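Trainee: Once you've had a glance at the structure underneath, I'll fire off some questions.
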Amino acid sequence: MAASAKTLTAESHTLNGDWTVVSSRRGRQRKNPPKITIRVQKQPSHWAPTDLEINFARESKLMQKIQICMKKLEMSQFFLNLLDEIQTPEMMNYFHRVLSSELKMKMVIYGIGSIESYESPRLQLSLAILLKRKFNWIGDIEVFDPILSATESRVLEALECSVLSINEQGRRQAEKPTMFFMPHCEAELYDNLLQANWEARLLNCTVLFGNSFETYEQHLSEYKNSAIVDSTKHILAVRKFTDEFRIKTISDTYFSAFHDSSWHFFRPVLETELQLSNL
């Protein structure tokens with residue numbers, strides 16, 4: 001029998017979504033049940049920014065904003081605490097287990113949002129880039145969000161991030177060790193990701209940084225709508241062999257960007273553990 005899910009503290013919970021859980025980002029007081037709606041899933045498709053304008057002034061201004069954001073984050077207690085958490089022997093063992101014999105772990109960023117319009121996406125992107133610079137086992141960074149503009153895409157490329165030309169709908173298979181960096185994404189994307197990797201060998205190559213699955217489980221258990229439960233069945237099913245580390249958001253400066261976020265590691269042993277009814 002599979003071991004029960006383990007959640008290790010480092011503090012926080014999140015929910016966000018479409019047919020998912022939507023949370024307010026205006027403050028810490030979130031006691032109301034999350035809003036959940038049903039959404040039709042889409043298949044991967046080609047993508048390009050809708051605006052093709054090349055504006056060097058906008059690019060320069062955005063790059064400056066990101067550089068300032070990265071410097072602020074790098075010097076913050078939040079970032080120092082996060083590094084300490086990652087570098088504990090327990091967490092490093094999880095990362096090394098996922099890496100196995102590979103030297104690098106690709107990072108895939110889904111749902112980053114508009115890095116030109118909002119501070120939270122800039123903080124999230126800054127964290128991803130700083131983690132890559134800190135740990136030599138983090139490999140190339142790929143980014144996708146359908147709302148990215150041409151300006152944002154060009155700045156991301158200048159920051160040595162590859163912008164995907166396919167909207168994968170979160171369905172990337174982790175054929176090699178992959179870190180999926182997805183803070184505050186919709187539950188649809190998490191469920192798509194899990195469904196695409198619903199094999200022991202793929203899940204064992206997956207690290208996910210995103211909304212707390214423990215919190216999803218707690219809130220979704222309050223709903224009896226079978227369609228909603230069915231739409232999030234991979235999130236709920238994966239909990240029994242997930243080790244989750246919640247991160248600490250110790251100041252209001254970083255609360256909006258990272259509250260309720262966790263590191264998730266998956267450890268199915270047998271394919272029989274992945275059997276779901278009516279898949």
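Simple scheme: letters A, B, ... for chains in structure tokens order, numbers from 1 for residues in each chain, numbers from 1 for ligands in the order shown.
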Residues of region 22-124 of chain A within 10 Å of region 195-217 of chain A: nearest atom pair and distance (Å, one decimal) for each, counting only C-alpha atoms, sorted by chain and number, as JSON lines?

Mentor:
```
{"residue": "A:Pro34", "atom": "CA", "partner": "A:Tyr216", "partner_atom": "CA", "distance": 9.4}
{"residue": "A:Tyr94", "atom": "CA", "partner": "A:Val207", "partner_atom": "CA", "distance": 9.0}
{"residue": "A:Phe95", "atom": "CA", "partner": "A:Val207", "partner_atom": "CA", "distance": 7.8}
{"residue": "A:Arg97", "atom": "CA", "partner": "A:Asn204", "partner_atom": "CA", "distance": 8.2}
{"residue": "A:Val98", "atom": "CA", "partner": "A:Cys205", "partner_atom": "CA", "distance": 5.1}
{"residue": "A:Leu99", "atom": "CA", "partner": "A:Cys205", "partner_atom": "CA", "distance": 7.1}
{"residue": "A:Ser100", "atom": "CA", "partner": "A:Cys205", "partner_atom": "CA", "distance": 8.6}
{"residue": "A:Met105", "atom": "CA", "partner": "A:Cys205", "partner_atom": "CA", "distance": 9.0}
{"residue": "A:Met107", "atom": "CA", "partner": "A:Val207", "partner_atom": "CA", "distance": 9.3}
{"residue": "A:Val108", "atom": "CA", "partner": "A:Leu208", "partner_atom": "CA", "distance": 9.6}
{"residue": "A:Ile109", "atom": "CA", "partner": "A:Phe209", "partner_atom": "CA", "distance": 9.6}
```

Trainee: Mind checking DSSP for region 167-251 of chain A and telling me the helix (DSSP H, G or I) residues as a tab-separated table (two decimals) with C-alpha atoms, in the first residue's frame?

Mentor:
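As a result, part_17.tsv now contains:
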```tsv
chain	number	residue	atom	x	y	z
A	187	ALA	CA	-5.64	23.97	-11.23
A	188	GLU	CA	-6.32	22.99	-14.85
A	189	LEU	CA	-2.62	23.33	-15.65
A	190	TYR	CA	-1.54	21.26	-12.65
A	191	ASP	CA	-4.01	18.53	-13.50
A	192	ASN	CA	-2.96	18.56	-17.18
A	193	LEU	CA	0.68	18.26	-16.12
A	194	LEU	CA	-0.01	15.33	-13.84
A	195	GLN	CA	-2.17	13.57	-16.43
A	196	ALA	CA	0.58	13.89	-19.05
A	200	ALA	CA	5.92	6.21	-12.34
A	201	ARG	CA	9.05	6.89	-14.42
A	202	LEU	CA	7.77	10.34	-15.47
A	203	LEU	CA	6.55	11.43	-12.05
A	213	PHE	CA	-1.79	20.38	-3.30
A	214	GLU	CA	-2.60	19.83	0.36
A	215	THR	CA	-4.72	22.98	0.28
A	216	TYR	CA	-6.47	21.87	-2.90
A	217	GLU	CA	-7.32	18.59	-1.20
A	218	GLN	CA	-8.68	20.35	1.88
A	219	HIS	CA	-10.94	22.70	-0.08
A	220	LEU	CA	-12.07	20.29	-2.79
A	226	SER	CA	-18.63	15.08	-9.17
A	227	ALA	CA	-17.65	17.06	-12.28
A	228	ILE	CA	-15.39	19.31	-10.21
A	229	VAL	CA	-13.81	16.38	-8.41
A	230	ASP	CA	-13.35	14.56	-11.72
A	231	SER	CA	-11.67	17.62	-13.24
A	233	LYS	CA	-8.74	13.92	-9.96
A	234	HIS	CA	-5.00	13.78	-10.69
A	235	ILE	CA	-4.27	16.49	-8.12
A	236	LEU	CA	-6.26	14.59	-5.51
A	237	ALA	CA	-4.92	11.17	-6.49
A	238	VAL	CA	-1.25	12.20	-6.46
A	239	ARG	CA	-1.43	13.36	-2.86
A	240	LYS	CA	-0.94	9.86	-1.46
A	241	PHE	CA	2.60	9.67	-2.83
```

Trainee: Which of these, A:Gln169, A:Ser256, A:Ser60, A:Gln87, has the shortest distance to Lys134 (chain A) once you count only C-alpha atoms?

Mentor: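 Distance minimum relative to Lys134 (chain A) lands on A:Gln87.
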
Trainee: In region 208-253 of chain A, what's strand (DSSP E or B) per DSSP? Answer as a PyMOL selection string?

Mentor: chain A and resi 208-211+242-246

Trainee: Once you have the residues from the selection above, write them out as a PDB file, in the first residue's frame, restricted to all heavy atoms.

Mentor:
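For reference, part_6.pdb as written:
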```pdb
ATOM      1  N   LEU A 208       7.762  19.948  -8.860  1.00  0.00           N
ATOM      2  CA  LEU A 208       6.793  21.009  -9.116  1.00  0.00           C
ATOM      3  C   LEU A 208       6.856  22.061  -8.021  1.00  0.00           C
ATOM      4  O   LEU A 208       6.737  21.745  -6.833  1.00  0.00           O
ATOM      5  CB  LEU A 208       5.377  20.430  -9.183  1.00  0.00           C
ATOM      6  CG  LEU A 208       4.228  21.457  -9.248  1.00  0.00           C
ATOM      7  CD1 LEU A 208       4.298  22.275 -10.532  1.00  0.00           C
ATOM      8  CD2 LEU A 208       2.874  20.762  -9.120  1.00  0.00           C
ATOM      9  N   PHE A 209       7.043  23.308  -8.436  1.00  0.00           N
ATOM     10  CA  PHE A 209       6.913  24.440  -7.520  1.00  0.00           C
ATOM     11  C   PHE A 209       5.639  25.173  -7.895  1.00  0.00           C
ATOM     12  O   PHE A 209       5.528  25.741  -8.984  1.00  0.00           O
ATOM     13  CB  PHE A 209       8.111  25.384  -7.636  1.00  0.00           C
ATOM     14  CG  PHE A 209       8.037  26.577  -6.713  1.00  0.00           C
ATOM     15  CD1 PHE A 209       8.325  26.444  -5.363  1.00  0.00           C
ATOM     16  CD2 PHE A 209       7.670  27.822  -7.197  1.00  0.00           C
ATOM     17  CE1 PHE A 209       8.249  27.531  -4.512  1.00  0.00           C
ATOM     18  CE2 PHE A 209       7.595  28.920  -6.349  1.00  0.00           C
ATOM     19  CZ  PHE A 209       7.883  28.776  -5.005  1.00  0.00           C
ATOM     20  N   GLY A 210       4.644  25.121  -7.010  1.00  0.00           N
ATOM     21  CA  GLY A 210       3.366  25.740  -7.335  1.00  0.00           C
ATOM     22  C   GLY A 210       2.430  25.713  -6.142  1.00  0.00           C
ATOM     23  O   GLY A 210       2.853  25.528  -5.001  1.00  0.00           O
ATOM     24  N   ASN A 211       1.152  25.889  -6.422  1.00  0.00           N
ATOM     25  CA  ASN A 211       0.151  25.931  -5.360  1.00  0.00           C
ATOM     26  C   ASN A 211       0.153  24.651  -4.531  1.00  0.00           C
ATOM     27  O   ASN A 211       0.348  23.555  -5.064  1.00  0.00           O
ATOM     28  CB  ASN A 211      -1.244  26.128  -5.954  1.00  0.00           C
ATOM     29  CG  ASN A 211      -1.378  27.434  -6.695  1.00  0.00           C
ATOM     30  OD1 ASN A 211      -0.497  28.290  -6.638  1.00  0.00           O
ATOM     31  ND2 ASN A 211      -2.484  27.597  -7.401  1.00  0.00           N
ATOM     32  N   THR A 242       2.923  12.058  -2.563  1.00  0.00           N
ATOM     33  CA  THR A 242       3.571  13.355  -2.731  1.00  0.00           C
ATOM     34  C   THR A 242       4.227  13.780  -1.425  1.00  0.00           C
ATOM     35  O   THR A 242       3.625  13.680  -0.360  1.00  0.00           O
ATOM     36  CB  THR A 242       2.547  14.436  -3.134  1.00  0.00           C
ATOM     37  OG1 THR A 242       1.954  14.084  -4.375  1.00  0.00           O
ATOM     38  CG2 THR A 242       3.209  15.799  -3.267  1.00  0.00           C
ATOM     39  N   ASP A 243       5.457  14.256  -1.518  1.00  0.00           N
ATOM     40  CA  ASP A 243       6.119  14.905  -0.389  1.00  0.00           C
ATOM     41  C   ASP A 243       6.142  16.392  -0.700  1.00  0.00           C
ATOM     42  O   ASP A 243       6.686  16.820  -1.723  1.00  0.00           O
ATOM     43  CB  ASP A 243       7.542  14.373  -0.200  1.00  0.00           C
ATOM     44  CG  ASP A 243       7.546  12.924   0.248  1.00  0.00           C
ATOM     45  OD1 ASP A 243       6.635  12.535   0.991  1.00  0.00           O
ATOM     46  OD2 ASP A 243       8.446  12.182  -0.175  1.00  0.00           O
ATOM     47  N   GLU A 244       5.514  17.168   0.164  1.00  0.00           N
ATOM     48  CA  GLU A 244       5.312  18.587  -0.084  1.00  0.00           C
ATOM     49  C   GLU A 244       6.038  19.425   0.967  1.00  0.00           C
ATOM     50  O   GLU A 244       5.926  19.179   2.160  1.00  0.00           O
ATOM     51  CB  GLU A 244       3.808  18.901  -0.068  1.00  0.00           C
ATOM     52  CG  GLU A 244       3.480  20.373  -0.247  1.00  0.00           C
ATOM     53  CD  GLU A 244       1.980  20.636  -0.363  1.00  0.00           C
ATOM     54  OE1 GLU A 244       1.250  19.749  -0.888  1.00  0.00           O
ATOM     55  OE2 GLU A 244       1.541  21.720   0.059  1.00  0.00           O
ATOM     56  N   PHE A 245       6.770  20.429   0.488  1.00  0.00           N
ATOM     57  CA  PHE A 245       7.471  21.356   1.362  1.00  0.00           C
ATOM     58  C   PHE A 245       6.889  22.749   1.140  1.00  0.00           C
ATOM     59  O   PHE A 245       7.090  23.347   0.076  1.00  0.00           O
ATOM     60  CB  PHE A 245       8.969  21.395   1.044  1.00  0.00           C
ATOM     61  CG  PHE A 245       9.704  20.120   1.339  1.00  0.00           C
ATOM     62  CD1 PHE A 245       9.612  19.032   0.483  1.00  0.00           C
ATOM     63  CD2 PHE A 245      10.501  20.005   2.467  1.00  0.00           C
ATOM     64  CE1 PHE A 245      10.296  17.856   0.736  1.00  0.00           C
ATOM     65  CE2 PHE A 245      11.200  18.839   2.730  1.00  0.00           C
ATOM     66  CZ  PHE A 245      11.089  17.760   1.870  1.00  0.00           C
ATOM     67  N   ARG A 246       6.190  23.274   2.106  1.00  0.00           N
ATOM     68  CA  ARG A 246       5.630  24.627   1.969  1.00  0.00           C
ATOM     69  C   ARG A 246       6.711  25.663   2.246  1.00  0.00           C
ATOM     70  O   ARG A 246       7.517  25.502   3.149  1.00  0.00           O
ATOM     71  CB  ARG A 246       4.484  24.826   2.955  1.00  0.00           C
ATOM     72  CG  ARG A 246       3.334  23.859   2.775  1.00  0.00           C
ATOM     73  CD  ARG A 246       2.255  24.164   3.774  1.00  0.00           C
ATOM     74  NE  ARG A 246       1.279  23.088   3.811  1.00  0.00           N
ATOM     75  CZ  ARG A 246       0.288  23.032   4.685  1.00  0.00           C
ATOM     76  NH1 ARG A 246       0.162  23.988   5.591  1.00  0.00           N
ATOM     77  NH2 ARG A 246      -0.559  22.028   4.659  1.00  0.00           N
TER      78      ARG A 246
END
```

Trainee: Identify which of the residues A:Cys185, A:Leu164, A:Leu276, A:Ala150 lies closest to Leu52 (chain A), counting only C-alpha atoms when measuring atom-to-atom distances.

Mentor: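 Looking only at the distances to Leu52 (chain A), the closest residue turns out to be A:Ala150.
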
Trainee: Rounded to one decimal, what separation in Å do you get between CA of Gln64 (chain A) and CA of Ser165 (chain A)?

Mentor: 25.3 Å

Trainee: Using only C-alpha atoms, can you tell me which of A:Gln275, A:Gln173, A:Glu186, A:Pro49 comes closest to Thr232 (chain A)?

Mentor: A:Glu186

Trainee: For Ile112 (chain A), list every protein, DNA or RNA residue within 10 Å, evaluated using only C-alpha atoms, and leave out those in the same chain fewer than 2 positions away; present the list as a PyMOL selection string.

Mentor: chain A and resi 109-110+114-115+120-125+143-148+181-185

Trainee: What separation in Å, quoted to one decimal, exists between CA of Glu168 (chain A) and CA of Lys42 (chain A)?

Mentor: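 Those two atoms sit 9.2 Å apart.
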
Trainee: Hey, can you check how far CA of Phe79 (chain A) sits from CA of Ala257 (chain A)?

Mentor: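 Distance reported for this atom pair: 12.6 Å.
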
Trainee: Within 9 Å of Glu85 (chain A), counting only C-alpha atoms, which residues qualify if same-chain residues fewer than 4 places away don't, as number ranges by chain?

Mentor: A: 10, 80-81, 91, 245, 247

Trainee: Using only C-alpha atoms, please write the residues we just selected to a file, as a CSV table (one decimal), in the first residue's frame.

Mentor:
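Output saved as part.csv:
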```csv
chain,number,residue,atom,x,y,z
A,10,ALA,CA,8.0,25.8,5.7
A,80,LEU,CA,17.9,33.7,2.0
A,81,ASN,CA,15.3,31.6,3.9
A,91,MET,CA,15.4,18.6,0.4
A,245,PHE,CA,7.5,21.4,1.4
A,247,ILE,CA,7.7,27.8,1.6
```
